[in-house]
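Worksheet: the structure to be examined is printed underneath.
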Amino acid sequence: MTTSPAHLSKETSDTVAPDSRLRIAGALAVCLFVGLLWLYPAATLKLGHQNDIAVHLRWVEQFYTSLQDGVLLPRWAHAAQLGLGDPSFFYYQPLFYYITSFFLWLGLDPERALVFAAAVPFLMVAAIAYRTFVARYPARAAVLGAVFVVSCPTLYFMSTHLAAFPWSLSIPFSLLFAAESIRDKPRARHLAVLLALICLSHLLSGMMTLLCVGLARLIFAPPHPRTLADHATWLGGVVLGLALAAFFIYPALTQIHLINPAGWEENFNWRRCFALPLVNQFLVGTYWFGVQWPFSLVCLGIILVVLLPRMPAPLSAGQRNARRLAIVALCALALGTELAYPLYALLSPMQKLQFPYRFMFLASILGSIALVLHLNEGAWRRWSKTVRALAVALIALQCAQAAVLQLKIIRNGERMATHEKYFSGRFGQPEYLLAARGPSFVEYAKGGALDADCARLQIACLNVVRGSHAFAATITTPRAVSLRLPVFAFPAWQASVDGQARAYRTDQDTGVITLDLAPGTHEVKLRFGRLPAEIAGYWVSALALGVLLVLAALARHRRRSGA
């Protein structure tokens, strides 16, 4: 019997199209759920009380202003410290602020742009979870699984109560990095891109992800001659990823001495901030009970439900992935508990985390994904009644925690401050204060800065133009003077007088740039340039990009050859 093309077309539309329509409908349903999660904050501009929200709003505006000035990679926060500026963007990750700048470019005000940008990681996590599940399981199961993952209370808590927006942005990339790392044959080029994105979102997340994933790999793929090649590939991807982000990482880490890094450690006692604290709870107390106990206990329970019940051998691909993700989650949780106390006590970089329980947030989201995979691989049928009851209780508790967080925003949420409020007075993070600042910089700025000095010296200071990364003025003086300019001295600033490069001094009382001017009229300009460490970082990143392109070309060639 001959089958006509028309019959084939009809058969295809009857069988494939409905499944495709279900998948699209499922994707829309998941997006709708994310919209509902963020509907109230977007409509009311209310979030949990957190001082960091004002910090982000200031950075959002200053970052966007820099982009408008033509600075593709902003480095200087021009409005900080009473207008003297600070190098916040030299050290703080930029990716989140590119996203907020996109929403500002669309015409949103800074407050609403911040909320919309904060919702982006949720859409990304939802897309990752749904795509992972729908590739293996029915659309309905994929929707339910994605909704469960994206409503993970720790993810929502991170954004709405901690105002840790850049950290939240790193989570989707961390999930993808973990998923790539648990493959039998991890792909170095994929790992590199994902790690670079993590570091450009939140540098501490990069360190945490590497620690827990690296430890997990040693557990599910112990060092052995047959696993060494895969471990080497993974390590190569890590090195390449760090090199890709070297244009940001290298200058940020090597130029710490130019600022006040003690600001990261002041008022923080990492001994109080372990997940599931036991000994330290009695010695120094806990910092945040809700995070350190309820959230952590549910997280631990979900991980153990995946790992402890015996799985039939051989494991399916889904069961293997669920188990390995749960191992990564368990390693993350362990690194946030007192089990890792020696690491924090002996390694000062670990103390930069400030809160060891930070690991628990990644563990919770990975555990949620592992549980969904485990359930869809037939775990419910294999579980005893006791384990089923425990799993239901844990799922209910996690959903209840998410609901409580929503209710807290509705009942106790605080509306974001307006531009006039969060941009008034002195602001700027203490850790980004320049090490070269002088003791009288506040008095100088509040006393009139350039205008006051020009009046005191009886000279004319005209045509003053201040940009985000530049300064210009026309100075007329009847005699030689030393003039302080209202910009903190940072090595990247370059000065010129009448078009000629000119060395400047740092005023000891204030820490601002000081120029010696001869009698006459002068065009004085400052421009924010690049430090040698930045240039070195750019070269490393360029080289890494070249290696990445070669690896991508080789992979493409192998695929074609295989075909």
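Simple scheme: letters A, B, ... for chains in structure tokens order, numbers from 1 for residues in each chain, numbers from 1 for ligands in the order shown.
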
For range 325-340 of chain A, please output as a PyMOL selection string all residues within 10 Å (counting only C-alpha atoms; exclusion window: fewer than 6 positions along the same chain).
chain A and resi 175+178-179+181-182+208-217+219-220+271+273-280+292+296+299-300+302-307+319+355-371+373-374

Excluding Arg411 in chain A and residues on its chain fewer than 6 positions from it, collect all residues at most 12 Å away from it, counting only C-alpha atoms, and give them as a list in words.
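Answer for this query is Tyr40, Pro41, Lys46, Leu47, Gly48, His49, Val404 and Leu405 of chain A.
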
Which residue gives the smallest distance to Ala317 in chain A among A:Glu431, A:Asp184, A:Asp498, A:Glu534, with only C-alpha atoms counted?
A:Asp184

Which residues in range 145-239 of chain A does DSSP call alpha helix (DSSP H)? List them as a PyMOL selection string.
chain A and resi 145-150+153-160+165-181+188-201+203-220+228-239

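You can rank A:Asn260, A:Gly35, A:Arg484, A:Ser468 by their closest distance to Gln62 in chain A using only C-alpha atoms, and at the top of that list sits A:Ser468.
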
At most 12 Å is the cut-off: for each residue in range 245-343 of chain A with any atom that close to an atom of range 122-134 of chain A, write down the nearest atom pair and the distance in Å rounded to one decimal, counting only C-alpha atoms, chain first then increasing number, as a tab-separated table.
residue	atom	partner	partner_atom	distance
A:Gly318	CA	A:Phe133	CA	9.7
A:Asn321	CA	A:Thr132	CA	10.9
A:Ala322	CA	A:Thr132	CA	11.6

Those same residues - C-alpha atoms - I'd like them written as an mmCIF file, in the first residue's frame.
data_model
loop_
_atom_site.group_PDB
_atom_site.id
_atom_site.type_symbol
_atom_site.label_atom_id
_atom_site.label_comp_id
_atom_site.auth_asym_id
_atom_site.auth_seq_id
_atom_site.Cartn_x
_atom_site.Cartn_y
_atom_site.Cartn_z
ATOM 1 C CA GLY A 318 17.825 10.465 34.797
ATOM 2 C CA ASN A 321 21.769 12.819 37.086
ATOM 3 C CA ALA A 322 19.449 13.059 40.087
#

Would you pick out the contacts of Ala460 in chain A at 9 Å or less, using only C-alpha atoms, so that residues sharing its chain but fewer than 5 positions from it are not included, and give the list as a ChimeraX atom specification?
/A:454-455,474-477,521

Include C-alpha atoms and write out the residues we just selected as a short mmCIF file (atom, residue, chain, number, x, y, z; two decimals), in the first residue's frame.
data_model
loop_
_atom_site.label_atom_id
_atom_site.label_comp_id
_atom_site.auth_asym_id
_atom_site.auth_seq_id
_atom_site.Cartn_x
_atom_site.Cartn_y
_atom_site.Cartn_z
CA CYS A 454 38.62 78.63 43.60
CA ALA A 455 37.09 81.34 45.79
CA THR A 474 38.82 76.17 32.35
CA ILE A 475 41.05 77.64 35.05
CA THR A 476 42.37 81.21 34.96
CA THR A 477 44.92 82.13 37.60
CA THR A 521 44.34 80.28 31.43
#

Enumerate the residues of range 12-251 of chain A with a DSSP assignment of strand (DSSP E or B), computed from the backbone, and present them as an NGL selection string.
:A and (46-47 or 77 or 86)

A:Leu394, A:Val442, A:Ala117, A:Ala345 ranked by distance to Arg426 in chain A, top pick (using only C-alpha atoms):
A:Val442

For CA of Ile53 in chain A and CA of Pro110 in chain A, quote the distance in Å rounded to one decimal.
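Value for the CA of Ile53 in chain A-CA of Pro110 in chain A distance: 11.3 Å.
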
Counting only C-alpha atoms, what is within 10 Å of range 508-515 of chain A, bar same-chain residues fewer than 6 positions away, as a PyMOL selection string?
chain A and resi 84-85+434-445+449+481-490+493+495-497+502+524+526

Generate a file of the selected residues that holds N, CA and C atoms, formatted as a compact mmCIF listing (two decimals), in the first residue's frame.
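Output file out_27.txt follows:
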# COMPACT_ATOMS: atom_id res chain seq x y z
N LEU A 84 32.88 62.73 45.13
CA LEU A 84 34.31 62.49 44.88
C LEU A 84 34.54 61.16 44.18
N GLY A 85 33.54 60.27 44.23
CA GLY A 85 33.58 59.01 43.50
C GLY A 85 34.29 57.89 44.24
N LEU A 434 38.69 54.63 48.99
CA LEU A 434 40.08 54.51 48.58
C LEU A 434 41.01 54.47 49.78
N ALA A 435 42.03 53.66 49.68
CA ALA A 435 43.03 53.60 50.75
C ALA A 435 43.76 54.94 50.88
N ALA A 436 43.83 55.70 49.77
CA ALA A 436 44.54 56.98 49.77
C ALA A 436 43.69 58.15 50.24
N ARG A 437 42.50 57.88 50.71
CA ARG A 437 41.64 58.99 51.15
C ARG A 437 42.27 59.72 52.33
N GLY A 438 42.01 61.01 52.41
CA GLY A 438 42.52 61.79 53.52
C GLY A 438 41.49 61.94 54.62
N PRO A 439 41.89 62.40 55.79
CA PRO A 439 40.95 62.50 56.93
C PRO A 439 39.91 63.60 56.78
N SER A 440 40.13 64.55 55.86
CA SER A 440 39.24 65.72 55.77
C SER A 440 38.41 65.73 54.49
N PHE A 441 38.25 64.58 53.83
CA PHE A 441 37.56 64.61 52.54
C PHE A 441 36.08 64.97 52.68
N VAL A 442 35.46 64.59 53.79
CA VAL A 442 34.04 64.92 53.98
C VAL A 442 33.88 66.44 54.13
N GLU A 443 34.74 67.04 54.95
CA GLU A 443 34.68 68.49 55.13
C GLU A 443 34.94 69.22 53.82
N TYR A 444 35.89 68.72 53.03
CA TYR A 444 36.19 69.32 51.74
C TYR A 444 34.98 69.29 50.82
N ALA A 445 34.34 68.10 50.70
CA ALA A 445 33.21 67.96 49.79
C ALA A 445 32.02 68.80 50.25
N ALA A 449 34.03 72.10 47.91
CA ALA A 449 34.99 71.44 47.01
C ALA A 449 35.66 72.43 46.07
N VAL A 481 49.51 78.18 41.25
CA VAL A 481 48.69 77.65 42.34
C VAL A 481 48.70 76.13 42.29
N SER A 482 48.37 75.55 43.41
CA SER A 482 48.09 74.11 43.50
C SER A 482 46.59 73.96 43.70
N LEU A 483 45.92 73.40 42.73
CA LEU A 483 44.46 73.34 42.75
C LEU A 483 44.00 71.90 42.97
N ARG A 484 43.11 71.73 43.95
CA ARG A 484 42.52 70.42 44.21
C ARG A 484 41.28 70.24 43.32
N LEU A 485 41.20 69.12 42.67
CA LEU A 485 40.04 68.81 41.83
C LEU A 485 39.12 67.85 42.58
N PRO A 486 37.80 67.98 42.41
CA PRO A 486 36.84 67.21 43.23
C PRO A 486 36.68 65.75 42.77
N VAL A 487 37.80 65.06 42.68
CA VAL A 487 37.80 63.65 42.29
C VAL A 487 38.86 62.93 43.12
N PHE A 488 38.46 61.82 43.75
CA PHE A 488 39.43 61.03 44.50
C PHE A 488 40.54 60.55 43.57
N ALA A 489 41.77 60.57 44.07
CA ALA A 489 42.92 60.12 43.28
C ALA A 489 42.95 58.60 43.24
N PHE A 490 42.79 58.08 42.05
CA PHE A 490 42.88 56.64 41.79
C PHE A 490 43.84 56.48 40.62
N TRP A 493 43.11 57.39 36.89
CA TRP A 493 42.84 58.76 36.41
C TRP A 493 44.09 59.31 35.73
N ALA A 495 45.58 62.90 33.91
CA ALA A 495 45.35 64.35 33.85
C ALA A 495 46.07 64.96 32.66
N SER A 496 45.47 66.04 32.14
CA SER A 496 46.13 66.81 31.09
C SER A 496 45.85 68.28 31.32
N VAL A 497 46.82 69.12 30.96
CA VAL A 497 46.68 70.57 31.05
C VAL A 497 47.03 71.13 29.67
N ARG A 502 49.87 65.48 32.20
CA ARG A 502 50.47 66.11 33.37
C ARG A 502 50.35 65.18 34.58
N VAL A 524 41.95 72.23 31.86
CA VAL A 524 42.30 71.11 32.72
C VAL A 524 41.32 69.96 32.47
N LEU A 526 40.51 65.58 33.15
CA LEU A 526 40.79 64.27 33.74
C LEU A 526 40.06 63.22 32.92

With only C-alpha atoms as the atoms that count, which of A:Lys385, A:Ser348, A:Trp59, A:Gln398 lies nearest to Pro294 in chain A?
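Ranking A:Lys385, A:Ser348, A:Trp59, A:Gln398 by distance to Pro294 in chain A, first place goes to A:Gln398.
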
Hey, what's within 12 Å of Gly26 in chain A if we count only C-alpha atoms and toss same-chain stuff fewer than 4 positions away? As a PyMOL selection string, please?
chain A and resi 19-22+30-33+126-127+129-131+133-134+138-147

How would the residues just picked look written out with C-alpha atoms as a compact mmCIF listing (two decimals), in the first residue's frame?
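Saved result, result-v6.txt, follows:
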# COMPACT_ATOMS: atom_id res chain seq x y z
CA ASP A 19 2.72 17.32 21.74
CA SER A 20 4.44 20.45 20.50
CA ARG A 21 1.43 22.56 21.46
CA LEU A 22 1.46 21.01 24.93
CA VAL A 30 5.72 28.37 33.74
CA CYS A 31 6.38 31.93 32.53
CA LEU A 32 2.98 32.95 33.88
CA PHE A 33 3.87 31.50 37.25
CA ALA A 126 12.32 28.30 35.08
CA ALA A 127 13.54 27.88 31.50
CA ALA A 129 14.22 23.46 34.76
CA TYR A 130 11.39 23.19 32.22
CA ARG A 131 13.75 22.39 29.35
CA PHE A 133 12.24 18.06 32.48
CA VAL A 134 10.25 18.37 29.25
CA PRO A 138 5.41 14.58 29.88
CA ALA A 139 4.65 18.30 29.64
CA ARG A 140 2.43 18.21 32.73
CA ALA A 141 5.19 16.71 34.87
CA ALA A 142 7.66 19.21 33.42
CA VAL A 143 5.40 22.15 34.34
CA LEU A 144 4.88 20.93 37.90
CA GLY A 145 8.60 20.26 38.32
CA ALA A 146 9.63 23.66 36.94
CA VAL A 147 7.11 25.45 39.16

Let me make sure I understand: among A:Gly448, A:Gly107, A:Pro261, A:Gly520, which one has the smallest atom-to-atom distance to Gln429 in chain A if we use only C-alpha atoms?
A:Pro261

Using only C-alpha atoms for the distances, tell me which of A:Arg558, A:Arg324, A:His224, A:His257 is nearest to Tyr432 in chain A.
A:His257

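Taking CA of Leu73 in chain A and CA of Phe89 in chain A as endpoints, the distance between them is 8.5 Å.
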